[in-house]
file start_31.pdb (PDB, C-alpha atoms and all ligand atoms)
MODEL        1
ATOM      1  CA  MET A   1      -1.696   1.406  25.778  1.00  0.00           C
ATOM      2  CA  THR A   2       0.485   2.631  22.881  1.00  0.00           C
ATOM      3  CA  THR A   3      -1.067   3.822  19.622  1.00  0.00           C
ATOM      4  CA  PRO A   4      -0.429   1.251  16.885  1.00  0.00           C
ATOM      5  CA  LEU A   5       1.671   2.490  13.970  1.00  0.00           C
ATOM      6  CA  ILE A   6       0.683   1.539  10.418  1.00  0.00           C
ATOM      7  CA  PHE A   7       3.133   1.999   7.546  1.00  0.00           C
ATOM      8  CA  VAL A   8       1.509   3.113   4.256  1.00  0.00           C
ATOM      9  CA  LEU A   9       4.012   2.549   1.452  1.00  0.00           C
ATOM     10  CA  ASN A  10       3.527   3.689  -2.132  1.00  0.00           C
ATOM     11  CA  GLY A  11       5.610   2.492  -5.035  1.00  0.00           C
ATOM     12  CA  PRO A  12       6.919   3.972  -8.260  1.00  0.00           C
ATOM     13  CA  ASN A  13       5.153   6.738 -10.163  1.00  0.00           C
ATOM     14  CA  LEU A  14       2.572   7.302  -7.439  1.00  0.00           C
ATOM     15  CA  ASN A  15       4.299  10.647  -6.774  1.00  0.00           C
ATOM     16  CA  LEU A  16       2.728  11.658 -10.107  1.00  0.00           C
ATOM     17  CA  LEU A  17      -0.837  11.069  -8.939  1.00  0.00           C
ATOM     18  CA  GLY A  18      -3.172  13.781 -10.176  1.00  0.00           C
ATOM     19  CA  THR A  19      -1.394  14.246 -13.484  1.00  0.00           C
ATOM     20  CA  ARG A  20      -0.503  10.654 -14.393  1.00  0.00           C
ATOM     21  CA  GLU A  21      -3.235   8.965 -16.475  1.00  0.00           C
ATOM     22  CA  PRO A  22      -6.031  10.710 -14.541  1.00  0.00           C
ATOM     23  CA  GLU A  23      -8.617   8.619 -16.404  1.00  0.00           C
ATOM     24  CA  VAL A  24      -7.148   5.553 -14.659  1.00  0.00           C
ATOM     25  CA  TYR A  25      -5.851   6.900 -11.331  1.00  0.00           C
ATOM     26  CA  GLY A  26      -8.073   9.951 -10.775  1.00  0.00           C
ATOM     27  CA  THR A  27      -7.205  13.612 -10.281  1.00  0.00           C
ATOM     28  CA  GLY A  28      -6.271  13.506  -6.588  1.00  0.00           C
ATOM     29  CA  THR A  29      -2.598  14.037  -5.736  1.00  0.00           C
ATOM     30  CA  LEU A  30      -0.314  12.080  -3.406  1.00  0.00           C
ATOM     31  CA  ASP A  31      -0.735  14.944  -0.902  1.00  0.00           C
ATOM     32  CA  ASP A  32      -4.524  14.518  -1.109  1.00  0.00           C
ATOM     33  CA  LEU A  33      -4.091  10.795  -0.501  1.00  0.00           C
ATOM     34  CA  GLU A  34      -1.875  11.449   2.519  1.00  0.00           C
ATOM     35  CA  THR A  35      -4.477  13.860   3.926  1.00  0.00           C
ATOM     36  CA  LEU A  36      -7.230  11.254   3.498  1.00  0.00           C
ATOM     37  CA  CYS A  37      -5.066   8.657   5.257  1.00  0.00           C
ATOM     38  CA  ALA A  38      -4.203  11.074   8.088  1.00  0.00           C
ATOM     39  CA  GLU A  39      -7.877  11.986   8.655  1.00  0.00           C
ATOM     40  CA  THR A  40      -8.926   8.329   8.575  1.00  0.00           C
ATOM     41  CA  ALA A  41      -6.136   7.299  10.944  1.00  0.00           C
ATOM     42  CA  GLU A  42      -7.030  10.052  13.395  1.00  0.00           C
ATOM     43  CA  GLY A  43     -10.656   8.886  13.472  1.00  0.00           C
ATOM     44  CA  LEU A  44      -9.537   5.297  14.075  1.00  0.00           C
ATOM     45  CA  GLY A  45      -6.988   6.173  16.759  1.00  0.00           C
ATOM     46  CA  VAL A  46      -4.028   4.717  14.861  1.00  0.00           C
ATOM     47  CA  ALA A  47      -0.780   6.416  13.832  1.00  0.00           C
ATOM     48  CA  ILE A  48       0.471   6.277  10.248  1.00  0.00           C
ATOM     49  CA  ASP A  49       3.736   6.781   8.435  1.00  0.00           C
ATOM     50  CA  VAL A  50       3.033   7.409   4.731  1.00  0.00           C
ATOM     51  CA  ARG A  51       5.920   7.179   2.262  1.00  0.00           C
ATOM     52  CA  GLN A  52       6.476   6.925  -1.493  1.00  0.00           C
ATOM     53  CA  SER A  53       9.509   5.746  -3.402  1.00  0.00           C
ATOM     54  CA  ASN A  54      10.401   5.075  -7.009  1.00  0.00           C
ATOM     55  CA  LEU A  55      13.166   2.689  -5.901  1.00  0.00           C
ATOM     56  CA  GLU A  56      12.622  -1.024  -5.323  1.00  0.00           C
ATOM     57  CA  GLY A  57      15.472  -1.294  -2.793  1.00  0.00           C
ATOM     58  CA  GLU A  58      14.168   1.627  -0.761  1.00  0.00           C
ATOM     59  CA  LEU A  59      10.698   0.061  -0.558  1.00  0.00           C
ATOM     60  CA  ILE A  60      12.306  -3.218   0.569  1.00  0.00           C
ATOM     61  CA  SER A  61      14.313  -1.395   3.255  1.00  0.00           C
ATOM     62  CA  TRP A  62      11.114   0.268   4.499  1.00  0.00           C
ATOM     63  CA  VAL A  63       9.405  -3.142   4.699  1.00  0.00           C
ATOM     64  CA  HIS A  64      12.384  -4.321   6.797  1.00  0.00           C
ATOM     65  CA  GLU A  65      11.959  -1.245   8.990  1.00  0.00           C
ATOM     66  CA  ALA A  66       8.281  -2.161   9.418  1.00  0.00           C
ATOM     67  CA  ARG A  67       9.380  -5.484  10.990  1.00  0.00           C
ATOM     68  CA  ALA A  68      10.675  -3.597  14.007  1.00  0.00           C
ATOM     69  CA  ARG A  69       8.441  -0.532  14.107  1.00  0.00           C
ATOM     70  CA  ALA A  70       5.001  -1.145  12.605  1.00  0.00           C
ATOM     71  CA  ALA A  71       1.909  -2.980  13.808  1.00  0.00           C
ATOM     72  CA  GLY A  72       0.552  -3.252  10.254  1.00  0.00           C
ATOM     73  CA  LEU A  73       1.422  -2.472   6.641  1.00  0.00           C
ATOM     74  CA  ILE A  74      -0.581  -1.073   3.743  1.00  0.00           C
ATOM     75  CA  ILE A  75       1.299  -1.157   0.460  1.00  0.00           C
ATOM     76  CA  ASN A  76       0.575  -0.108  -3.087  1.00  0.00           C
ATOM     77  CA  PRO A  77       3.623  -1.614  -4.801  1.00  0.00           C
ATOM     78  CA  ALA A  78       2.513  -0.086  -8.141  1.00  0.00           C
ATOM     79  CA  GLY A  79       4.545  -1.547 -11.044  1.00  0.00           C
ATOM     80  CA  TYR A  80       6.680  -3.660  -8.671  1.00  0.00           C
ATOM     81  CA  SER A  81       3.569  -5.704  -7.824  1.00  0.00           C
ATOM     82  CA  HIS A  82       3.948  -7.436 -11.147  1.00  0.00           C
ATOM     83  CA  THR A  83       7.728  -7.884 -11.183  1.00  0.00           C
ATOM     84  CA  SER A  84       9.317  -7.982  -7.748  1.00  0.00           C
ATOM     85  CA  VAL A  85      10.027 -11.337  -6.127  1.00  0.00           C
ATOM     86  CA  ALA A  86      12.384  -9.430  -3.787  1.00  0.00           C
ATOM     87  CA  LEU A  87       9.590  -7.186  -2.492  1.00  0.00           C
ATOM     88  CA  MET A  88       7.344 -10.238  -2.060  1.00  0.00           C
ATOM     89  CA  ASP A  89      10.114 -11.977  -0.086  1.00  0.00           C
ATOM     90  CA  ALA A  90      10.549  -8.951   2.186  1.00  0.00           C
ATOM     91  CA  ILE A  91       6.803  -8.930   2.915  1.00  0.00           C
ATOM     92  CA  LEU A  92       6.756 -12.706   3.503  1.00  0.00           C
ATOM     93  CA  ALA A  93       9.315 -12.108   6.269  1.00  0.00           C
ATOM     94  CA  LEU A  94       6.883  -9.837   8.139  1.00  0.00           C
ATOM     95  CA  ASP A  95       4.716 -11.130  10.942  1.00  0.00           C
ATOM     96  CA  ILE A  96       2.327  -8.178  10.972  1.00  0.00           C
ATOM     97  CA  PRO A  97      -0.919  -7.922   8.945  1.00  0.00           C
ATOM     98  CA  VAL A  98      -0.431  -6.635   5.393  1.00  0.00           C
ATOM     99  CA  ILE A  99      -3.002  -5.206   2.982  1.00  0.00           C
ATOM    100  CA  GLU A 100      -2.114  -4.591  -0.671  1.00  0.00           C
ATOM    101  CA  VAL A 101      -3.972  -1.719  -2.324  1.00  0.00           C
ATOM    102  CA  HIS A 102      -4.328  -0.725  -5.964  1.00  0.00           C
ATOM    103  CA  LEU A 103      -6.215   2.355  -7.081  1.00  0.00           C
ATOM    104  CA  SER A 104      -7.309   0.720 -10.322  1.00  0.00           C
ATOM    105  CA  ASN A 105      -8.910  -2.683 -10.794  1.00  0.00           C
ATOM    106  CA  ILE A 106      -5.825  -4.543 -12.003  1.00  0.00           C
ATOM    107  CA  HIS A 107      -7.988  -7.527 -13.041  1.00  0.00           C
ATOM    108  CA  LYS A 108      -9.785  -5.387 -15.616  1.00  0.00           C
ATOM    109  CA  ARG A 109      -6.543  -4.165 -17.180  1.00  0.00           C
ATOM    110  CA  GLU A 110      -3.704  -5.587 -19.302  1.00  0.00           C
ATOM    111  CA  SER A 111      -2.893  -9.239 -18.607  1.00  0.00           C
ATOM    112  CA  PHE A 112       0.584  -8.377 -17.230  1.00  0.00           C
ATOM    113  CA  ARG A 113      -1.095  -6.383 -14.437  1.00  0.00           C
ATOM    114  CA  GLN A 114      -3.413  -9.201 -13.448  1.00  0.00           C
ATOM    115  CA  HIS A 115      -0.717 -11.076 -11.522  1.00  0.00           C
ATOM    116  CA  SER A 116       0.810  -9.597  -8.380  1.00  0.00           C
ATOM    117  CA  TYR A 117       3.717 -11.286  -6.586  1.00  0.00           C
ATOM    118  CA  VAL A 118       2.886  -9.151  -3.558  1.00  0.00           C
ATOM    119  CA  SER A 119      -0.598 -10.701  -3.328  1.00  0.00           C
ATOM    120  CA  ARG A 120       1.063 -13.996  -2.358  1.00  0.00           C
ATOM    121  CA  ALA A 121       2.398 -12.265   0.750  1.00  0.00           C
ATOM    122  CA  ALA A 122      -0.575 -10.018   1.588  1.00  0.00           C
ATOM    123  CA  ASP A 123      -3.364 -10.932   4.000  1.00  0.00           C
ATOM    124  CA  GLY A 124      -5.865  -8.898   1.996  1.00  0.00           C
ATOM    125  CA  VAL A 125      -6.045  -7.096  -1.342  1.00  0.00           C
ATOM    126  CA  ILE A 126      -8.208  -4.099  -2.263  1.00  0.00           C
ATOM    127  CA  CYS A 127      -8.306  -2.825  -5.828  1.00  0.00           C
ATOM    128  CA  GLY A 128     -10.409  -0.676  -8.092  1.00  0.00           C
ATOM    129  CA  LEU A 129     -11.810   1.688  -5.464  1.00  0.00           C
ATOM    130  CA  GLY A 130      -9.416   4.600  -5.918  1.00  0.00           C
ATOM    131  CA  PHE A 131      -8.412   6.516  -2.785  1.00  0.00           C
ATOM    132  CA  ALA A 132     -11.250   4.861  -0.834  1.00  0.00           C
ATOM    133  CA  GLY A 133      -9.223   1.642  -0.982  1.00  0.00           C
ATOM    134  CA  TYR A 134      -6.650   3.151   1.405  1.00  0.00           C
ATOM    135  CA  ARG A 135      -9.401   4.294   3.790  1.00  0.00           C
ATOM    136  CA  LEU A 136     -10.923   0.797   3.767  1.00  0.00           C
ATOM    137  CA  ALA A 137      -7.498  -0.793   4.277  1.00  0.00           C
ATOM    138  CA  LEU A 138      -6.888   1.404   7.336  1.00  0.00           C
ATOM    139  CA  ILE A 139     -10.303   0.471   8.763  1.00  0.00           C
ATOM    140  CA  ALA A 140      -9.650  -3.241   8.148  1.00  0.00           C
ATOM    141  CA  LEU A 141      -6.167  -3.109   9.694  1.00  0.00           C
ATOM    142  CA  SER A 142      -7.385  -1.229  12.734  1.00  0.00           C
ATOM    143  CA  ASP A 143     -10.116  -3.903  13.207  1.00  0.00           C
ATOM    144  CA  ILE A 144      -7.534  -6.691  12.864  1.00  0.00           C
ATOM    145  CA  LEU A 145      -5.191  -5.000  15.355  1.00  0.00           C
ATOM    146  CA  GLU A 146      -8.041  -4.502  17.840  1.00  0.00           C
ATOM    147  CA  GLU A 147      -9.034  -8.194  17.542  1.00  0.00           C
ATOM    148  CA  ASP A 148      -5.409  -9.232  18.123  1.00  0.00           C
ATOM    149  CA  GLN A 149      -5.164  -7.306  21.393  1.00  0.00           C
TER     150      GLN A 149
HETATM  151  C1  LIG A 201      -1.399   0.447  -9.524  1.00  0.00           C
HETATM  152  C2  LIG A 201      -1.593  -0.561 -10.663  1.00  0.00           C
HETATM  153  C3  LIG A 201      -0.262  -0.983 -11.259  1.00  0.00           C
HETATM  154  O1  LIG A 201      -0.462  -1.913 -12.306  1.00  0.00           O
HETATM  155  C4  LIG A 201       0.473   0.217 -11.823  1.00  0.00           C
HETATM  156  O2  LIG A 201       1.749  -0.163 -12.284  1.00  0.00           O
HETATM  157  C5  LIG A 201       0.555   1.351 -10.863  1.00  0.00           C
HETATM  158  C6  LIG A 201      -0.570   1.641  -9.988  1.00  0.00           C
HETATM  159  C7  LIG A 201      -2.733   0.984  -8.990  1.00  0.00           C
HETATM  160  O3  LIG A 201      -2.719   1.594  -7.921  1.00  0.00           O
HETATM  161  O4  LIG A 201      -3.768   0.840  -9.643  1.00  0.00           O
HETATM  162  O5  LIG A 201       1.520   2.101 -10.886  1.00  0.00           O
HETATM  163  O6  LIG A 201      -0.724  -0.202  -8.456  1.00  0.00           O
ENDMDL
END

call {"tool": "encode", "arguments": {"input": "start_31.pdb", "output": "structure tokens"}}
result
Amino acid sequence: MTTPLIFVLNGPNLNLLGTREPEVYGTGTLDDLETLCAETAEGLGVAIDVRQSNLEGELISWVHEARARAAGLIINPAGYSHTSVALMDAILALDIPVIEVHLSNIHKRESFRQHSYVSRAADGVICGLGFAGYRLALIALSDILEEDQ
């Protein structure tokens, strides 16, 4: 049996985690987040490929890559959640389970953050739980993948 691969994609400005608005996003860095994901994945027996980009087109290309390579997708589209029909369309073309994650509770914030195009394409959405949201998304995806076997 092959180990399922889960893509974990992070959108613009998440490379600045730790120093960017720490009162909203916390003090942990993107490296810390990757370590948490790696430890969680190891415990669950899944493989992960964690990436971050500030470019919409690059994120879309990675979603296309996930069509062929990944068993599941976790994505924090960051600012593109609220603007990108193209990213939503790329995710709609996937036939693997997708979980959208936001560190902050977008529903408690400015009105322009309260709508996510990506949510229309995601199977599940986790927000407001900080880094733990990624851990929970990995657990949920690994459960879904096990059920599908
Ligand atoms: C975010 C929320 C978005 O509104 C924002 O643009 C981000 C991060 C979050 O993780 O809380 O960059 O996706």

call {"tool": "resolve_selection", "arguments": {"input": "start_31.pdb", "expression": "the PyMOL selection byres (((chain A and resi 101) around 10) and not hetatm)", "output": "PyMOL selection string"}}
result
chain A and resi 8-10+74-78+98-100+102-105+119+122+124-134+136-137

call {"tool": "residues_around", "arguments": {"input": "start_31.pdb", "residues": "region 33-47 of chain A", "least_positions_apart": "3", "cutoff": "8 Å", "atoms": "all atoms listed in the file", "output": "PyMOL selection string"}}
result
chain A and resi 3-6+28-30+50+131+134-135+138-139+142

call {"tool": "residues_around", "arguments": {"input": "start_31.pdb", "residues": "Phe7 (chain A)", "least_positions_apart": "2", "cutoff": "6 Å", "atoms": "all atoms listed in the file", "output": "short mmCIF file (atom, residue, chain, number, x, y, z; two decimals) with C-alpha atoms, keeping the file's coordinate frame"}}
result
data_model
loop_
_atom_site.label_atom_id
_atom_site.label_comp_id
_atom_site.auth_asym_id
_atom_site.auth_seq_id
_atom_site.Cartn_x
_atom_site.Cartn_y
_atom_site.Cartn_z
CA ILE A 48 0.47 6.28 10.25
CA ASP A 49 3.74 6.78 8.44
CA LEU A 73 1.42 -2.47 6.64
#

call {"tool": "atom_distance", "arguments": {"input": "start_31.pdb", "atom1": "CA of Ile106 (chain A)", "atom2": "CA of Arg67 (chain A)"}}
result
27.6 Å

call {"tool": "closest_residue", "arguments": {"input": "start_31.pdb", "among": "A:Ile144, A:Ile91, A:Tyr80, A:Glu56", "to": "ligand LIG 201 (chain A)", "atoms": "all atoms listed in the file"}}
result
A:Tyr80

call {"tool": "axis_aligned_box", "arguments": {"input": "start_31.pdb", "around": "ligand LIG 201 (chain A)", "padding_each_side": "3 Å", "output": "AutoDock Vina command-line options"}}
result
--center_x -1.0 --center_y 0.1 --center_z -10.1 --size_x 11.5 --size_y 10.0 --size_z 10.4

call {"tool": "atom_distance", "arguments": {"input": "start_31.pdb", "atom1": "CA of Tyr117 (chain A)", "atom2": "atom C1 of ligand LIG 201 (chain A)"}}
result
13.1 Å

call {"tool": "closest_residue", "arguments": {"input": "start_31.pdb", "among": "A:Met88, A:Leu16, A:Glu21, A:Glu110", "to": "Leu59 (chain A)", "atoms": "all atoms listed in the file"}}
result
A:Met88

call {"tool": "atom_distance", "arguments": {"input": "start_31.pdb", "atom1": "CA of Arg109 (chain A)", "atom2": "atom C6 of ligand LIG 201 (chain A)"}}
result
11.0 Å

call {"tool": "closest_residue", "arguments": {"input": "start_31.pdb", "among": "A:Gln52, A:Thr83, A:Thr27, A:Val63", "to": "Gln114 (chain A)", "atoms": "only C-alpha atoms"}}
result
A:Thr83

call {"tool": "closest_residue", "arguments": {"input": "start_31.pdb", "among": "A:Asp32, A:Ser61, A:Ser111, A:Asp123", "to": "ligand LIG 201 (chain A)", "atoms": "all atoms listed in the file"}}
result
A:Ser111

call {"tool": "closest_residue", "arguments": {"input": "start_31.pdb", "among": "A:His115, A:Ser53, A:Ala68, A:Gly79", "to": "ligand LIG 201 (chain A)", "atoms": "only C-alpha atoms and all ligand atoms"}}
result
A:Gly79

call {"tool": "residues_around", "arguments": {"input": "start_31.pdb", "residues": "Ile60 (chain A)", "least_positions_apart": "3", "cutoff": "8 Å", "atoms": "only C-alpha atoms", "output": "list in words"}}
result
Glu56, Gly57, Val63, His64, Ala86, Leu87 and Ala90 of chain A

call {"tool": "closest_residue", "arguments": {"input": "start_31.pdb", "among": "A:Asn54, A:Arg113, A:Arg69, A:Gln149", "to": "ligand LIG 201 (chain A)", "atoms": "all atoms listed in the file"}}
result
A:Arg113
